[in-house]
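Below is entry13.txt, holding compact mmCIF, N, CA and C atoms.
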# COMPACT_ATOMS: atom_id res chain seq x y z
N MET R 1 -27.78 -24.80 19.17
CA MET R 1 -26.80 -23.74 19.31
C MET R 1 -26.40 -23.53 20.77
N PHE R 2 -27.31 -23.85 21.70
CA PHE R 2 -27.01 -23.64 23.12
C PHE R 2 -25.74 -24.38 23.55
N ALA R 3 -25.64 -25.66 23.20
CA ALA R 3 -24.49 -26.46 23.64
C ALA R 3 -23.19 -25.89 23.09
N GLU R 4 -23.21 -25.49 21.83
CA GLU R 4 -22.00 -24.95 21.21
C GLU R 4 -21.59 -23.64 21.85
N VAL R 5 -22.57 -22.76 22.10
CA VAL R 5 -22.27 -21.47 22.74
C VAL R 5 -21.73 -21.70 24.14
N LEU R 6 -22.38 -22.57 24.91
CA LEU R 6 -21.91 -22.84 26.27
C LEU R 6 -20.50 -23.41 26.26
N PHE R 7 -20.24 -24.33 25.35
CA PHE R 7 -18.90 -24.92 25.29
C PHE R 7 -17.85 -23.87 24.97
N LEU R 8 -18.13 -23.01 23.99
CA LEU R 8 -17.16 -21.96 23.64
C LEU R 8 -16.95 -20.98 24.78
N LEU R 9 -18.04 -20.60 25.46
CA LEU R 9 -17.90 -19.70 26.61
C LEU R 9 -17.11 -20.37 27.73
N TYR R 10 -17.32 -21.66 27.93
CA TYR R 10 -16.58 -22.37 28.98
C TYR R 10 -15.09 -22.47 28.64
N VAL R 11 -14.79 -22.74 27.38
CA VAL R 11 -13.37 -22.77 26.97
C VAL R 11 -12.75 -21.39 27.16
N GLY R 12 -13.48 -20.34 26.78
CA GLY R 12 -12.98 -18.98 27.00
C GLY R 12 -12.73 -18.71 28.47
N HIS R 13 -13.65 -19.19 29.31
CA HIS R 13 -13.50 -19.04 30.76
C HIS R 13 -12.24 -19.75 31.26
N LEU R 14 -12.05 -20.99 30.83
CA LEU R 14 -10.87 -21.74 31.26
C LEU R 14 -9.58 -21.06 30.80
N LEU R 15 -9.57 -20.60 29.56
CA LEU R 15 -8.38 -19.90 29.06
C LEU R 15 -8.08 -18.65 29.90
N ALA R 16 -9.12 -17.87 30.19
CA ALA R 16 -8.93 -16.63 30.93
C ALA R 16 -8.60 -16.87 32.39
N ASP R 17 -9.12 -17.94 32.97
CA ASP R 17 -8.89 -18.20 34.39
C ASP R 17 -7.56 -18.90 34.66
N TYR R 18 -6.99 -19.56 33.68
CA TYR R 18 -5.77 -20.31 33.94
C TYR R 18 -4.60 -19.83 33.09
N PRO R 19 -4.44 -20.19 31.82
CA PRO R 19 -3.22 -19.75 31.12
C PRO R 19 -3.11 -18.25 30.88
N LEU R 20 -4.24 -17.53 30.81
CA LEU R 20 -4.17 -16.10 30.53
C LEU R 20 -4.22 -15.21 31.78
N GLN R 21 -4.42 -15.80 32.93
CA GLN R 21 -4.46 -15.00 34.17
C GLN R 21 -3.04 -14.82 34.71
N THR R 22 -2.68 -13.58 34.98
CA THR R 22 -1.34 -13.32 35.52
C THR R 22 -1.28 -13.67 37.00
N ASP R 23 -0.08 -13.86 37.50
CA ASP R 23 0.10 -14.10 38.93
C ASP R 23 -0.43 -12.91 39.74
N HIS R 24 -0.21 -11.71 39.23
CA HIS R 24 -0.67 -10.51 39.93
C HIS R 24 -2.20 -10.50 40.03
N GLN R 25 -2.87 -10.80 38.93
CA GLN R 25 -4.33 -10.84 38.96
C GLN R 25 -4.82 -11.89 39.96
N ALA R 26 -4.24 -13.06 39.90
CA ALA R 26 -4.67 -14.15 40.79
C ALA R 26 -4.46 -13.79 42.26
N ALA R 27 -3.35 -13.14 42.55
CA ALA R 27 -3.02 -12.82 43.94
C ALA R 27 -3.80 -11.64 44.49
N HIS R 28 -4.24 -10.72 43.63
CA HIS R 28 -4.79 -9.46 44.14
C HIS R 28 -6.22 -9.13 43.73
N LYS R 29 -6.87 -9.96 42.90
CA LYS R 29 -8.20 -9.62 42.39
C LYS R 29 -9.27 -9.51 43.47
N ALA R 30 -9.04 -10.08 44.63
CA ALA R 30 -10.02 -9.97 45.72
C ALA R 30 -9.57 -8.99 46.81
N ASP R 31 -8.42 -8.35 46.60
CA ASP R 31 -7.91 -7.40 47.60
C ASP R 31 -8.80 -6.15 47.68
N PRO R 32 -8.82 -5.51 48.84
CA PRO R 32 -9.57 -4.26 48.95
C PRO R 32 -8.84 -3.12 48.21
N GLY R 33 -9.59 -2.09 47.91
CA GLY R 33 -8.99 -0.88 47.35
C GLY R 33 -8.69 -0.96 45.87
N ARG R 34 -7.98 0.07 45.42
CA ARG R 34 -7.71 0.23 44.00
C ARG R 34 -6.91 -0.92 43.41
N ARG R 35 -5.93 -1.40 44.14
CA ARG R 35 -5.09 -2.50 43.65
C ARG R 35 -5.92 -3.73 43.33
N GLY R 36 -6.84 -4.07 44.24
CA GLY R 36 -7.70 -5.22 44.03
C GLY R 36 -8.66 -5.03 42.88
N TRP R 37 -9.28 -3.85 42.83
CA TRP R 37 -10.25 -3.59 41.76
C TRP R 37 -9.57 -3.54 40.39
N THR R 38 -8.34 -3.03 40.34
CA THR R 38 -7.61 -2.97 39.07
C THR R 38 -7.25 -4.37 38.59
N ALA R 39 -6.75 -5.19 39.49
CA ALA R 39 -6.42 -6.59 39.13
C ALA R 39 -7.68 -7.33 38.71
N ASN R 40 -8.77 -7.10 39.44
CA ASN R 40 -10.03 -7.75 39.15
C ASN R 40 -10.58 -7.31 37.79
N ALA R 41 -10.56 -6.03 37.53
CA ALA R 41 -11.09 -5.51 36.26
C ALA R 41 -10.27 -6.00 35.07
N SER R 42 -8.96 -6.03 35.21
CA SER R 42 -8.14 -6.51 34.08
C SER R 42 -8.37 -7.99 33.84
N HIS R 43 -8.57 -8.76 34.90
CA HIS R 43 -8.86 -10.19 34.77
C HIS R 43 -10.23 -10.39 34.10
N ALA R 44 -11.23 -9.63 34.51
CA ALA R 44 -12.56 -9.74 33.91
C ALA R 44 -12.52 -9.34 32.44
N ALA R 45 -11.70 -8.34 32.11
CA ALA R 45 -11.57 -7.92 30.71
C ALA R 45 -10.99 -9.03 29.85
N VAL R 46 -10.06 -9.79 30.40
CA VAL R 46 -9.49 -10.93 29.67
C VAL R 46 -10.59 -11.96 29.40
N HIS R 47 -11.48 -12.16 30.36
CA HIS R 47 -12.61 -13.07 30.15
C HIS R 47 -13.49 -12.60 29.00
N VAL R 48 -13.79 -11.33 28.99
CA VAL R 48 -14.64 -10.78 27.94
C VAL R 48 -13.97 -10.97 26.57
N LEU R 49 -12.70 -10.66 26.49
CA LEU R 49 -11.98 -10.78 25.22
C LEU R 49 -11.89 -12.23 24.76
N ALA R 50 -11.59 -13.14 25.67
CA ALA R 50 -11.50 -14.57 25.32
C ALA R 50 -12.84 -15.10 24.84
N CYS R 51 -13.90 -14.76 25.56
CA CYS R 51 -15.23 -15.24 25.17
C CYS R 51 -15.68 -14.60 23.86
N ALA R 52 -15.39 -13.31 23.67
CA ALA R 52 -15.74 -12.64 22.42
C ALA R 52 -15.01 -13.29 21.24
N ALA R 53 -13.74 -13.60 21.43
CA ALA R 53 -12.96 -14.22 20.36
C ALA R 53 -13.53 -15.59 20.00
N LEU R 54 -13.87 -16.36 21.01
CA LEU R 54 -14.40 -17.69 20.72
C LEU R 54 -15.81 -17.64 20.13
N LEU R 55 -16.63 -16.70 20.57
CA LEU R 55 -17.95 -16.55 19.95
C LEU R 55 -17.79 -16.12 18.49
N GLY R 56 -16.85 -15.22 18.24
CA GLY R 56 -16.57 -14.80 16.86
C GLY R 56 -16.09 -15.96 16.01
N LEU R 57 -15.21 -16.78 16.56
CA LEU R 57 -14.73 -17.95 15.85
C LEU R 57 -15.88 -18.92 15.58
N GLY R 58 -16.73 -19.12 16.59
CA GLY R 58 -17.89 -19.98 16.41
C GLY R 58 -18.81 -19.47 15.31
N ALA R 59 -19.03 -18.17 15.29
CA ALA R 59 -19.88 -17.58 14.26
C ALA R 59 -19.27 -17.78 12.87
N LEU R 60 -17.96 -17.61 12.79
CA LEU R 60 -17.28 -17.77 11.51
C LEU R 60 -17.30 -19.22 11.02
N VAL R 61 -16.92 -20.13 11.88
CA VAL R 61 -16.79 -21.53 11.49
C VAL R 61 -18.15 -22.21 11.34
N LEU R 62 -19.09 -21.90 12.24
CA LEU R 62 -20.37 -22.59 12.25
C LEU R 62 -21.47 -21.83 11.50
N GLY R 63 -21.13 -20.66 10.97
CA GLY R 63 -22.09 -19.91 10.18
C GLY R 63 -23.20 -19.24 10.99
N TRP R 64 -22.93 -18.96 12.25
CA TRP R 64 -23.94 -18.29 13.08
C TRP R 64 -24.06 -16.83 12.67
N ARG R 65 -25.24 -16.30 12.88
CA ARG R 65 -25.47 -14.86 12.78
C ARG R 65 -25.90 -14.41 14.17
N LEU R 66 -24.91 -14.14 15.01
CA LEU R 66 -25.21 -13.73 16.38
C LEU R 66 -25.74 -12.29 16.38
N PRO R 67 -26.86 -12.07 17.04
CA PRO R 67 -27.39 -10.70 17.11
C PRO R 67 -26.46 -9.82 17.95
N VAL R 68 -26.21 -8.62 17.47
CA VAL R 68 -25.20 -7.75 18.07
C VAL R 68 -25.54 -7.38 19.51
N LEU R 69 -26.72 -6.83 19.76
CA LEU R 69 -27.05 -6.37 21.11
C LEU R 69 -27.10 -7.51 22.13
N PRO R 70 -27.75 -8.63 21.85
CA PRO R 70 -27.72 -9.74 22.81
C PRO R 70 -26.29 -10.27 23.04
N THR R 71 -25.48 -10.29 22.00
CA THR R 71 -24.09 -10.75 22.17
C THR R 71 -23.32 -9.78 23.05
N LEU R 72 -23.50 -8.49 22.84
CA LEU R 72 -22.85 -7.50 23.71
C LEU R 72 -23.35 -7.62 25.15
N ALA R 73 -24.65 -7.86 25.31
CA ALA R 73 -25.21 -8.04 26.66
C ALA R 73 -24.59 -9.25 27.35
N VAL R 74 -24.41 -10.33 26.60
CA VAL R 74 -23.78 -11.53 27.14
C VAL R 74 -22.35 -11.24 27.57
N LEU R 75 -21.61 -10.51 26.77
CA LEU R 75 -20.22 -10.19 27.12
C LEU R 75 -20.14 -9.28 28.34
N VAL R 76 -21.05 -8.32 28.45
CA VAL R 76 -21.10 -7.48 29.65
C VAL R 76 -21.45 -8.33 30.87
N TRP R 77 -22.41 -9.23 30.71
CA TRP R 77 -22.80 -10.15 31.79
C TRP R 77 -21.61 -10.98 32.25
N ILE R 78 -20.86 -11.53 31.29
CA ILE R 78 -19.71 -12.36 31.63
C ILE R 78 -18.66 -11.55 32.39
N GLY R 79 -18.35 -10.36 31.92
CA GLY R 79 -17.35 -9.53 32.61
C GLY R 79 -17.81 -9.12 33.99
N THR R 80 -19.07 -8.71 34.10
CA THR R 80 -19.60 -8.26 35.39
C THR R 80 -19.70 -9.39 36.39
N THR R 81 -20.31 -10.50 35.99
CA THR R 81 -20.45 -11.62 36.94
C THR R 81 -19.09 -12.17 37.33
N HIS R 82 -18.18 -12.22 36.37
CA HIS R 82 -16.86 -12.74 36.73
C HIS R 82 -16.18 -11.84 37.77
N ALA R 83 -16.27 -10.55 37.55
CA ALA R 83 -15.66 -9.61 38.50
C ALA R 83 -16.29 -9.74 39.89
N VAL R 84 -17.61 -9.81 39.94
CA VAL R 84 -18.30 -9.91 41.25
C VAL R 84 -17.96 -11.22 41.94
N ILE R 85 -18.00 -12.32 41.22
CA ILE R 85 -17.69 -13.62 41.82
C ILE R 85 -16.26 -13.65 42.33
N ASP R 86 -15.32 -13.11 41.55
CA ASP R 86 -13.91 -13.17 41.95
C ASP R 86 -13.55 -12.25 43.11
N ARG R 87 -14.41 -11.33 43.46
CA ARG R 87 -14.16 -10.53 44.66
C ARG R 87 -14.34 -11.40 45.91
N ARG R 88 -14.97 -12.53 45.76
CA ARG R 88 -15.12 -13.59 46.76
C ARG R 88 -16.10 -13.30 47.88
N ARG R 89 -16.65 -12.11 47.98
CA ARG R 89 -17.57 -11.82 49.09
C ARG R 89 -18.84 -12.65 49.00
N LEU R 90 -19.41 -12.78 47.80
CA LEU R 90 -20.62 -13.58 47.65
C LEU R 90 -20.35 -15.06 47.85
N VAL R 91 -19.20 -15.52 47.38
CA VAL R 91 -18.84 -16.93 47.58
C VAL R 91 -18.68 -17.23 49.06
N THR R 92 -17.99 -16.36 49.78
CA THR R 92 -17.80 -16.53 51.21
C THR R 92 -19.14 -16.46 51.95
N ALA R 93 -19.98 -15.52 51.56
CA ALA R 93 -21.30 -15.40 52.18
C ALA R 93 -22.13 -16.66 51.94
N TRP R 94 -22.08 -17.18 50.72
CA TRP R 94 -22.81 -18.42 50.42
C TRP R 94 -22.32 -19.57 51.30
N MET R 95 -21.02 -19.70 51.40
CA MET R 95 -20.47 -20.83 52.17
C MET R 95 -20.79 -20.68 53.66
N THR R 96 -20.86 -19.46 54.14
CA THR R 96 -21.27 -19.23 55.53
C THR R 96 -22.73 -19.59 55.69
N TRP R 97 -23.58 -19.11 54.79
CA TRP R 97 -25.01 -19.40 54.84
C TRP R 97 -25.28 -20.90 54.74
N ALA R 98 -24.51 -21.58 53.88
CA ALA R 98 -24.70 -23.02 53.66
C ALA R 98 -24.02 -23.87 54.73
N ARG R 99 -23.43 -23.21 55.71
CA ARG R 99 -22.75 -23.89 56.82
C ARG R 99 -21.67 -24.85 56.31
N GLN R 100 -20.72 -24.28 55.56
CA GLN R 100 -19.64 -25.06 54.96
C GLN R 100 -18.26 -24.60 55.42
N PRO R 101 -18.05 -24.35 56.71
CA PRO R 101 -16.73 -23.84 57.12
C PRO R 101 -15.59 -24.84 56.88
N LYS R 102 -15.84 -26.12 57.06
CA LYS R 102 -14.78 -27.11 56.83
C LYS R 102 -14.45 -27.22 55.34
N PHE R 103 -15.48 -27.20 54.51
CA PHE R 103 -15.27 -27.23 53.06
C PHE R 103 -14.49 -25.99 52.63
N ALA R 104 -14.85 -24.83 53.15
CA ALA R 104 -14.16 -23.59 52.81
C ALA R 104 -12.70 -23.64 53.24
N ALA R 105 -12.44 -24.20 54.41
CA ALA R 105 -11.07 -24.26 54.94
C ALA R 105 -10.19 -25.24 54.17
N HIS R 106 -10.80 -26.14 53.44
CA HIS R 106 -10.03 -27.16 52.71
C HIS R 106 -10.17 -27.03 51.19
N GLY R 107 -10.21 -25.80 50.69
CA GLY R 107 -10.20 -25.58 49.25
C GLY R 107 -11.56 -25.46 48.59
N GLY R 108 -12.62 -25.49 49.37
CA GLY R 108 -13.95 -25.44 48.80
C GLY R 108 -14.31 -24.14 48.13
N VAL R 109 -13.67 -23.04 48.55
CA VAL R 109 -13.99 -21.73 47.98
C VAL R 109 -13.74 -21.74 46.46
N ALA R 110 -12.66 -22.34 46.04
CA ALA R 110 -12.36 -22.39 44.60
C ALA R 110 -13.41 -23.19 43.84
N HIS R 111 -13.94 -24.24 44.44
CA HIS R 111 -14.97 -25.05 43.78
C HIS R 111 -16.29 -24.30 43.68
N VAL R 112 -16.67 -23.62 44.74
CA VAL R 112 -17.90 -22.83 44.71
C VAL R 112 -17.75 -21.68 43.73
N ASP R 113 -16.58 -21.06 43.70
CA ASP R 113 -16.28 -19.99 42.75
C ASP R 113 -16.48 -20.48 41.31
N GLN R 114 -15.89 -21.61 40.98
CA GLN R 114 -16.01 -22.13 39.61
C GLN R 114 -17.45 -22.53 39.28
N THR R 115 -18.16 -23.07 40.25
CA THR R 115 -19.57 -23.42 40.03
C THR R 115 -20.39 -22.17 39.72
N ALA R 116 -20.13 -21.09 40.44
CA ALA R 116 -20.84 -19.84 40.19
C ALA R 116 -20.53 -19.31 38.79
N HIS R 117 -19.28 -19.42 38.37
CA HIS R 117 -18.91 -18.98 37.02
C HIS R 117 -19.63 -19.81 35.96
N ILE R 118 -19.69 -21.12 36.15
CA ILE R 118 -20.35 -21.99 35.18
C ILE R 118 -21.85 -21.68 35.12
N LEU R 119 -22.45 -21.40 36.27
CA LEU R 119 -23.86 -21.01 36.28
C LEU R 119 -24.06 -19.73 35.47
N ALA R 120 -23.21 -18.74 35.67
CA ALA R 120 -23.31 -17.48 34.93
C ALA R 120 -23.14 -17.71 33.42
N LEU R 121 -22.20 -18.58 33.05
CA LEU R 121 -22.00 -18.89 31.63
C LEU R 121 -23.19 -19.62 31.04
N THR R 122 -23.79 -20.51 31.82
CA THR R 122 -24.96 -21.25 31.36
C THR R 122 -26.13 -20.29 31.11
N LEU R 123 -26.33 -19.36 32.01
CA LEU R 123 -27.40 -18.37 31.82
C LEU R 123 -27.12 -17.52 30.58
N ALA R 124 -25.86 -17.16 30.36
CA ALA R 124 -25.49 -16.39 29.17
C ALA R 124 -25.76 -17.18 27.89
N ALA R 125 -25.40 -18.45 27.89
CA ALA R 125 -25.63 -19.28 26.71
C ALA R 125 -27.13 -19.47 26.46
N LEU R 126 -27.90 -19.65 27.49
CA LEU R 126 -29.36 -19.78 27.33
C LEU R 126 -29.93 -18.51 26.72
N PHE R 127 -29.49 -17.37 27.21
CA PHE R 127 -29.97 -16.07 26.71
C PHE R 127 -29.62 -15.91 25.23
N LEU R 128 -28.39 -16.23 24.87
CA LEU R 128 -27.95 -16.02 23.49
C LEU R 128 -28.60 -17.03 22.54
N ALA R 129 -28.85 -18.21 23.02
CA ALA R 129 -29.43 -19.25 22.16
C ALA R 129 -30.95 -19.12 22.02
N ALA R 130 -31.58 -18.35 22.90
CA ALA R 130 -33.05 -18.24 22.88
C ALA R 130 -33.55 -17.48 21.68

Please express what this file holds, its structure, as structure tokens.
Amino acid sequence: MFAEVLFLLYVGHLLADYPLQTDHQAAHKADPGRRGWTANASHAAVHVLACAALLGLGALVLGWRLPVLPTLAVLVWIGTTHAVIDRRRLVTAWMTWARQPKFAAHGGVAHVDQTAHILALTLAALFLAA
């Protein structure tokens, strides 16, 4: 079940990060203040909805009986970690700590961001499949 859950969460992530993310969310989700937090929260909510829909579809098609509280915990985890990662402060701090200024200057922030999201999704899938 782990592989199937991870795959569905990853597809939900890709849907929410690319075709379902508005230009406004993409441009402002890391901005300071209310504007940034609002764009960030609405983007994270799309992630939660996409992942919930795909987990529901997986349960329906594959006959899973997902436990309610762990599934809700996973969805809260996905929304929270996505919001924190997309604020970019932790990603920037990591790249500074890892001494990656050239990588950061040439598009590396997006790669580290996506890696952090995949790690969070993997932990969520492990939790739900356990």

Could you please determine the separation between atom C of Val46 of chain R and atom N of Ala16 of chain R in Å, to one decimal place?
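Rounded to one decimal, the two atoms are 6.1 Å apart.
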
As an NGL selection string, please: all residues of segment 17-124 of chain R that backbone DSSP puts in alpha helix (DSSP H).
:R and (17 or 23-28 or 33-62 or 68-86 or 89-97 or 101-103 or 109-124)

Quick one: what's the axis-aligned box for segment 79-83 of chain R, all listed atoms, 6 Å on every side, centre and edges in Å to one decimal, as JSON?
{"center_x": -18.1, "center_y": -10.5, "center_z": 35.9, "size_x": 16.8, "size_y": 16.5, "size_z": 20.0}

Would you pick out the contacts of segment 97-113 of chain R at 8 Å or less, using all atoms listed in the file, so that residues sharing its chain but fewer than 6 positions from it are not included, and give the list as a list in words?
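Those residues are Ile85, Asp86, Arg88, Val91 and Leu119 of chain R.
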
Between R:Thr92, R:His82, R:Arg87, R:Ala30, which is the closest to His117 of chain R once you count only C-alpha atoms?
R:His82

Minimum-distance residue to Ala125 of chain R, chosen among R:Val74, R:Arg89, R:Pro67, R:Gly33 (using all atoms listed in the file)
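So, comparing all the options, the nearest one is R:Val74.
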
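Taking atom CA of Ser42 of chain R and atom N of Gly12 of chain R as endpoints, the distance between them is 16.5 Å.
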
Can you work out the spacing between atom CA of Ile118 of chain R and atom CA of Leu75 of chain R in Å, to one decimal?
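Computing it gives 14.3 Å between the two atoms.
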
Show which residues sit within 7 Å of segment 3-6 of chain R, as a CSV table (one decimal) with N, CA and C atoms, in the frame of the given file. Count only C-alpha atoms, and ignore same-chain residues fewer than 4 positions away.
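In the end it all went to selection_16.csv:
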chain,number,residue,atom,x,y,z
R,10,TYR,N,-17.3,-21.7,27.9
R,10,TYR,CA,-16.6,-22.4,29.0
R,10,TYR,C,-15.1,-22.5,28.6
R,121,LEU,N,-22.2,-18.6,33.0
R,121,LEU,CA,-22.0,-18.9,31.6
R,121,LEU,C,-23.2,-19.6,31.0
R,122,THR,N,-23.8,-20.5,31.8
R,122,THR,CA,-25.0,-21.2,31.4
R,122,THR,C,-26.1,-20.3,31.1
R,125,ALA,N,-25.4,-18.4,27.9
R,125,ALA,CA,-25.6,-19.3,26.7
R,125,ALA,C,-27.1,-19.5,26.5

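With all atoms listed in the file as the atoms that count, the minimum distance from Trp77 of chain R to the choices R:Ala53, R:Leu126, R:Ala120, R:Leu8 is reached by R:Ala120.
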